[in-house]
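Source file: work34.txt; contents: compact mmCIF, C-alpha atoms.
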```txt
# COMPACT_ATOMS: atom_id res chain seq x y z
CA MET A 1 -52.56 14.53 -13.02
CA ARG A 2 -50.42 16.39 -15.55
CA ARG A 3 -48.46 17.98 -12.70
CA TYR A 4 -47.94 14.53 -11.16
CA LEU A 5 -46.61 13.18 -14.46
CA LEU A 6 -44.31 16.19 -14.82
CA ASN A 7 -42.97 15.70 -11.31
CA LEU A 8 -42.41 12.00 -11.99
CA ALA A 9 -40.53 12.79 -15.20
CA THR A 10 -38.51 15.46 -13.40
CA PHE A 11 -37.60 12.99 -10.64
CA THR A 12 -36.52 10.41 -13.21
CA VAL A 13 -34.24 12.83 -15.03
CA LEU A 14 -32.88 14.22 -11.78
CA SER A 15 -32.05 10.68 -10.67
CA PHE A 16 -30.09 10.28 -13.89
CA CYS A 17 -28.30 13.57 -13.27
CA VAL A 18 -27.24 12.35 -9.83
CA THR A 19 -26.28 8.79 -10.69
CA GLY A 20 -25.17 9.17 -14.33
CA LEU A 21 -25.33 6.36 -16.86
CA ALA A 22 -25.91 2.76 -15.81
CA GLN A 23 -22.82 1.81 -13.85
CA ALA A 24 -21.43 -1.63 -13.14
CA ASP A 25 -18.33 -2.38 -11.16
CA PHE A 26 -16.66 -5.29 -9.47
CA VAL A 27 -17.12 -5.94 -5.76
CA ASN A 28 -13.72 -6.32 -4.11
CA GLY A 29 -12.05 -5.75 -7.48
CA GLY A 30 -8.71 -5.06 -5.80
CA PHE A 31 -9.11 -7.84 -3.21
CA GLU A 32 -9.10 -5.12 -0.57
CA SER A 33 -11.16 -7.33 1.75
CA GLY A 34 -8.17 -9.69 2.00
CA ASP A 35 -10.15 -12.59 0.54
CA PHE A 36 -12.29 -13.53 -2.47
CA THR A 37 -15.53 -11.94 -1.27
CA GLY A 38 -17.79 -11.28 -4.26
CA TRP A 39 -15.89 -13.65 -6.56
CA THR A 40 -16.76 -17.08 -7.95
CA ILE A 41 -13.82 -19.38 -8.68
CA THR A 42 -14.52 -22.29 -11.01
CA PRO A 43 -12.08 -24.86 -12.45
CA THR A 44 -12.09 -25.24 -16.22
CA ALA A 45 -12.31 -28.69 -17.84
CA ASN A 46 -9.32 -30.69 -16.53
CA GLY A 47 -8.19 -27.55 -14.67
CA GLN A 48 -7.10 -26.88 -11.12
CA THR A 49 -5.26 -24.44 -8.87
CA ASN A 50 -2.94 -25.62 -6.11
CA VAL A 51 -2.97 -22.14 -4.55
CA GLN A 52 -5.98 -19.84 -4.05
CA THR A 53 -5.16 -16.95 -1.77
CA VAL A 54 -4.82 -13.17 -1.41
CA VAL A 55 -1.32 -11.80 -0.77
CA LEU A 56 0.57 -8.52 -0.83
CA TRP A 57 2.44 -8.25 -4.15
CA ASP A 58 3.99 -5.76 -6.55
CA ILE A 59 2.09 -6.81 -9.64
CA ASP A 60 4.06 -4.64 -12.08
CA TRP A 61 7.49 -5.52 -10.71
CA GLY A 62 8.66 -2.09 -9.55
CA GLY A 63 6.50 -0.12 -12.00
CA PRO A 64 4.13 2.76 -11.16
CA LEU A 65 1.66 0.54 -9.27
CA PRO A 66 2.45 0.21 -5.55
CA PRO A 67 2.44 -3.20 -3.83
CA SER A 68 -1.13 -4.18 -3.02
CA LEU A 69 -3.32 -7.17 -2.24
CA VAL A 70 -3.72 -9.47 -5.25
CA GLY A 71 -5.49 -12.72 -6.02
CA ARG A 72 -2.87 -15.44 -6.37
CA PHE A 73 -3.22 -18.83 -8.04
CA GLN A 74 -1.12 -21.76 -9.22
CA VAL A 75 -3.00 -23.15 -12.20
CA GLY A 76 -2.61 -25.93 -14.68
CA GLN A 77 -3.98 -29.24 -15.91
CA GLN A 78 -5.03 -32.06 -13.61
CA VAL A 79 -3.97 -34.64 -16.20
CA PHE A 80 -1.54 -33.69 -18.94
CA GLN A 81 -3.12 -33.09 -22.35
CA SER A 82 -0.77 -31.75 -24.98
CA GLY A 83 -1.54 -28.15 -25.97
CA VAL A 84 -4.85 -27.83 -24.06
CA PRO A 85 -4.89 -24.87 -21.59
CA ALA A 86 -6.60 -25.56 -18.26
CA GLY A 87 -6.93 -23.78 -14.94
CA ILE A 88 -9.66 -21.64 -13.36
CA GLU A 89 -12.16 -18.89 -14.04
CA LEU A 90 -12.53 -15.96 -11.63
CA THR A 91 -15.80 -14.13 -12.28
CA GLN A 92 -18.52 -11.89 -10.93
CA SER A 93 -22.08 -11.32 -12.10
CA LEU A 94 -22.47 -7.70 -13.25
CA VAL A 95 -25.73 -6.01 -14.26
CA LEU A 96 -25.13 -4.35 -17.63
CA SER A 97 -27.39 -2.08 -19.67
CA ALA A 98 -28.11 -2.68 -23.36
CA GLY A 99 -26.39 -0.29 -25.73
CA VAL A 100 -23.97 1.07 -23.11
CA GLU A 101 -20.28 0.54 -23.89
CA TYR A 102 -18.29 -0.79 -20.94
CA THR A 103 -14.54 -1.02 -20.56
CA PHE A 104 -13.34 -4.01 -18.53
CA SER A 105 -9.73 -4.31 -17.38
CA PHE A 106 -7.40 -6.04 -14.94
CA ASP A 107 -3.68 -6.34 -14.19
CA TRP A 108 -1.84 -9.67 -14.24
CA SER A 109 1.56 -11.13 -13.49
CA ALA A 110 3.34 -14.50 -13.50
CA HIS A 111 6.50 -15.45 -11.62
CA ARG A 112 8.54 -18.36 -10.31
CA ALA A 113 9.40 -18.19 -6.64
CA THR A 114 12.82 -19.85 -6.62
CA THR A 115 13.77 -21.40 -9.94
CA ALA A 116 15.99 -19.32 -12.22
CA SER A 117 15.34 -21.47 -15.30
CA ALA A 118 12.41 -20.26 -17.41
CA ASN A 119 9.16 -22.19 -17.47
CA THR A 120 7.73 -22.48 -20.98
CA GLN A 121 4.43 -20.79 -20.14
CA GLY A 122 3.90 -18.77 -16.98
CA GLY A 123 0.20 -18.38 -17.63
CA ILE A 124 -2.48 -17.40 -20.13
CA PHE A 125 -4.80 -14.63 -18.97
CA ASP A 126 -8.14 -14.12 -20.73
CA LEU A 127 -10.74 -11.46 -20.09
CA ILE A 128 -14.06 -13.26 -20.41
CA VAL A 129 -17.74 -12.33 -20.57
CA ASN A 130 -20.18 -15.24 -20.21
CA GLY A 131 -17.32 -17.62 -20.98
CA ASN A 132 -16.34 -15.87 -24.21
CA VAL A 133 -12.78 -14.56 -24.54
CA LEU A 134 -12.70 -10.84 -25.42
CA ALA A 135 -8.95 -10.27 -24.92
CA SER A 136 -5.97 -12.39 -23.99
CA ALA A 137 -2.32 -12.16 -22.89
CA ALA A 138 0.26 -14.91 -22.43
CA ALA A 139 3.11 -14.57 -19.94
CA GLY A 140 5.42 -16.84 -21.92
CA PRO A 141 8.74 -18.06 -20.44
CA THR A 142 8.86 -17.14 -16.75
CA SER A 143 11.59 -17.52 -14.12
CA SER A 144 12.43 -16.19 -10.67
CA THR A 145 14.49 -13.43 -12.26
CA THR A 146 12.02 -12.61 -15.06
CA GLN A 147 8.53 -11.79 -13.85
CA ASN A 148 6.08 -11.19 -16.67
CA PHE A 149 3.22 -8.75 -16.16
CA GLY A 150 0.71 -6.62 -18.04
CA ASN A 151 -2.77 -5.19 -18.27
CA ILE A 152 -5.78 -6.39 -20.26
CA SER A 153 -8.46 -3.87 -21.27
CA VAL A 154 -11.33 -4.32 -23.69
CA ALA A 155 -14.61 -2.62 -24.66
CA PHE A 156 -17.90 -4.51 -24.60
CA THR A 157 -21.42 -3.36 -25.51
CA PRO A 158 -24.24 -5.74 -24.47
CA LEU A 159 -27.16 -6.14 -26.84
CA VAL A 160 -29.62 -6.80 -24.01
CA SER A 161 -29.76 -5.65 -20.40
CA GLY A 162 -29.17 -8.21 -17.68
CA ASN A 163 -26.60 -10.18 -15.70
CA TYR A 164 -23.26 -11.02 -17.30
CA ASP A 165 -20.48 -13.13 -15.80
CA VAL A 166 -17.32 -11.04 -16.22
CA GLY A 167 -13.77 -11.74 -15.10
CA ALA A 168 -10.59 -13.65 -15.89
CA ARG A 169 -9.73 -17.12 -17.09
CA ILE A 170 -6.23 -18.16 -15.98
CA THR A 171 -4.80 -21.28 -17.62
CA ARG A 172 -1.66 -23.15 -18.67
CA PRO A 173 -1.23 -25.98 -21.24
CA PHE A 174 0.71 -28.04 -18.66
CA THR A 175 0.33 -29.52 -15.19
CA VAL A 176 1.18 -27.42 -12.13
CA PRO A 177 4.86 -26.87 -11.23
CA ALA A 178 5.80 -26.34 -7.60
CA ASP A 179 6.92 -22.72 -7.70
CA LEU A 180 5.07 -21.00 -10.56
CA PHE A 181 2.35 -18.51 -9.62
CA GLN A 182 -0.19 -16.28 -11.38
CA SER A 183 -1.56 -13.07 -9.82
CA VAL A 184 -4.40 -10.72 -10.82
CA ASP A 185 -5.53 -7.36 -9.44
CA ASN A 186 -7.37 -4.09 -10.09
CA PHE A 187 -10.45 -5.41 -11.86
CA SER A 188 -12.57 -2.50 -13.10
CA ALA A 189 -15.69 -1.92 -15.16
CA THR A 190 -16.41 1.56 -16.54
CA ALA A 191 -19.46 2.68 -18.50
CA ILE A 192 -18.66 4.97 -21.42
CA PRO A 193 -21.56 7.32 -22.35
CA GLU A 194 -22.31 8.07 -25.97
CA PRO A 195 -21.49 11.75 -26.78
CA THR A 196 -25.03 12.52 -27.99
CA HIS A 197 -26.67 11.07 -24.89
CA THR A 198 -24.21 12.88 -22.66
CA LEU A 199 -24.95 16.23 -24.33
CA ILE A 200 -28.74 15.79 -24.23
CA PHE A 201 -28.90 14.77 -20.60
CA GLY A 202 -26.35 17.39 -19.64
CA LEU A 203 -28.58 20.10 -21.14
CA VAL A 204 -31.64 18.67 -19.37
CA CYS A 205 -29.80 18.60 -16.05
CA LEU A 206 -28.66 22.20 -16.59
CA ALA A 207 -32.20 23.34 -17.45
CA LEU A 208 -33.64 21.64 -14.37
CA ASN A 209 -31.00 23.25 -12.18
CA VAL A 210 -31.79 26.71 -13.58
CA ARG A 211 -35.51 26.08 -13.03
CA ARG A 212 -34.93 25.16 -9.38
CA GLN A 213 -32.82 28.28 -8.81
CA ARG A 214 -35.56 30.56 -10.18
CA LYS A 215 -38.19 29.20 -7.78
```
Transcribe the structure of this file into structure tokens.
Amino acid sequence: MRRYLLNLATFTVLSFCVTGLAQADFVNGGFESGDFTGWTITPTANGQTNVQTVVLWDIDWGGPLPPSLVGRFQVGQQVFQSGVPAGIELTQSLVLSAGVEYTFSFDWSAHRATTASANTQGGIFDLIVNGNVLASAAAGPTSSTTQNFGNISVAFTPLVSGNYDVGARITRPFTVPADLFQSVDNFSATAIPEPTHTLIFGLVCLALNVRRQRK
């Protein structure tokens, strides 16, 4: 019985050594499937998107990121309400572990297709967890000659283990113009181990490896 318990404990620790800390990542986070597989798209109150597609795009406008498939939208209010952002939420349900710090991030851009005059607000991009905004970026004035882009990254540590809806909220405080678009790409979720836990489990993994080599 004691040997069985030891073997069970050894298997558990070995499983940790192989798989590492509890990981969570987005399915189709770079829209590599060419569609929105894995994603849930939900309009906000009074929100809409006239475009909902996946296209090839240079999201950082000639920067270090190569052109890739991105999720593209054209968001805004259904009925004008002064100063109230509206649009869509793009989310996935991720299984997160209590006490583990995760870093969530994504890239965004806003552009006008043809109009050289700047729109007042190209788009507001929020990183959300269960509907709560953890980080935000606003494109601001956007024209066909001035594409605005950036990256949002934020740390989050859940208090309890379970499913969390994680993703982006894309909104504008206006109705939808004909040639203004918002794009998002490269959604990622990375678990960050605590140094103490990493050291302890690293030593256990090393000890188990030495023990196997001696047999």
**Distance of CA of Ser188 (chain A) from CA of Phe104 (chain A), expressed in Å to one decimal place** = 5.7 Å
Box for region 144-149 of chain A: with edges along x, y and z, all listed atoms inside and 8 Å added on each side, what are the centre and edge lengths in Å to one decimal, as lines of an AutoDock Vina configuration file?
```
center_x = 8.9
center_y = -12.5
center_z = -13.7
size_x = 27.3
size_y = 23.4
size_z = 22.0
```
**Item:** Long-range neighbours of Thr142 (chain A) as a ChimeraX atom specification, 6 Å cut-off, all atoms listed in the file, 3 positions minimum in chain
**Value:** /A:111,118-119,122,146
**Request:** Starting from the point (-16.3, 4.2, -21.0), work out which residues of protein, DNA or RNA have an atom no more than 10 Å away when counting only C-alpha atoms; state them as JSON, numbers by chain.
**Result:** {"A": [23, 100, 101, 102, 103, 104, 155, 156, 189, 190, 191, 192, 193, 194]}
Take the residues that were just selected and, keeping C-alpha atoms, output them as a CSV table (one decimal), in the frame of the given file.
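Output contents, as saved in again-v1.csv:
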```
chain,number,residue,atom,x,y,z
A,23,GLN,CA,-22.8,1.8,-13.8
A,100,VAL,CA,-24.0,1.1,-23.1
A,101,GLU,CA,-20.3,0.5,-23.9
A,102,TYR,CA,-18.3,-0.8,-20.9
A,103,THR,CA,-14.5,-1.0,-20.6
A,104,PHE,CA,-13.3,-4.0,-18.5
A,155,ALA,CA,-14.6,-2.6,-24.7
A,156,PHE,CA,-17.9,-4.5,-24.6
A,189,ALA,CA,-15.7,-1.9,-15.2
A,190,THR,CA,-16.4,1.6,-16.5
A,191,ALA,CA,-19.5,2.7,-18.5
A,192,ILE,CA,-18.7,5.0,-21.4
A,193,PRO,CA,-21.6,7.3,-22.4
A,194,GLU,CA,-22.3,8.1,-26.0
```
Which neighbours of Ala135 (chain A) fall inside 9 Å, counting only C-alpha atoms, when residues of the same chain fewer than 4 positions from it are skipped, and could you give them as a PDB file with C-alpha atoms, keeping the file's coordinate frame?
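This went into selection_17.pdb:
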```pdb
ATOM      1  CA  PHE A 125      -4.800 -14.630 -18.970  1.00  0.00           C
ATOM      2  CA  ASP A 126      -8.140 -14.120 -20.730  1.00  0.00           C
ATOM      3  CA  LEU A 127     -10.740 -11.460 -20.090  1.00  0.00           C
ATOM      4  CA  ILE A 128     -14.060 -13.260 -20.410  1.00  0.00           C
ATOM      5  CA  ILE A 152      -5.780  -6.390 -20.260  1.00  0.00           C
ATOM      6  CA  SER A 153      -8.460  -3.870 -21.270  1.00  0.00           C
ATOM      7  CA  VAL A 154     -11.330  -4.320 -23.690  1.00  0.00           C
TER       8      VAL A 154
END
```
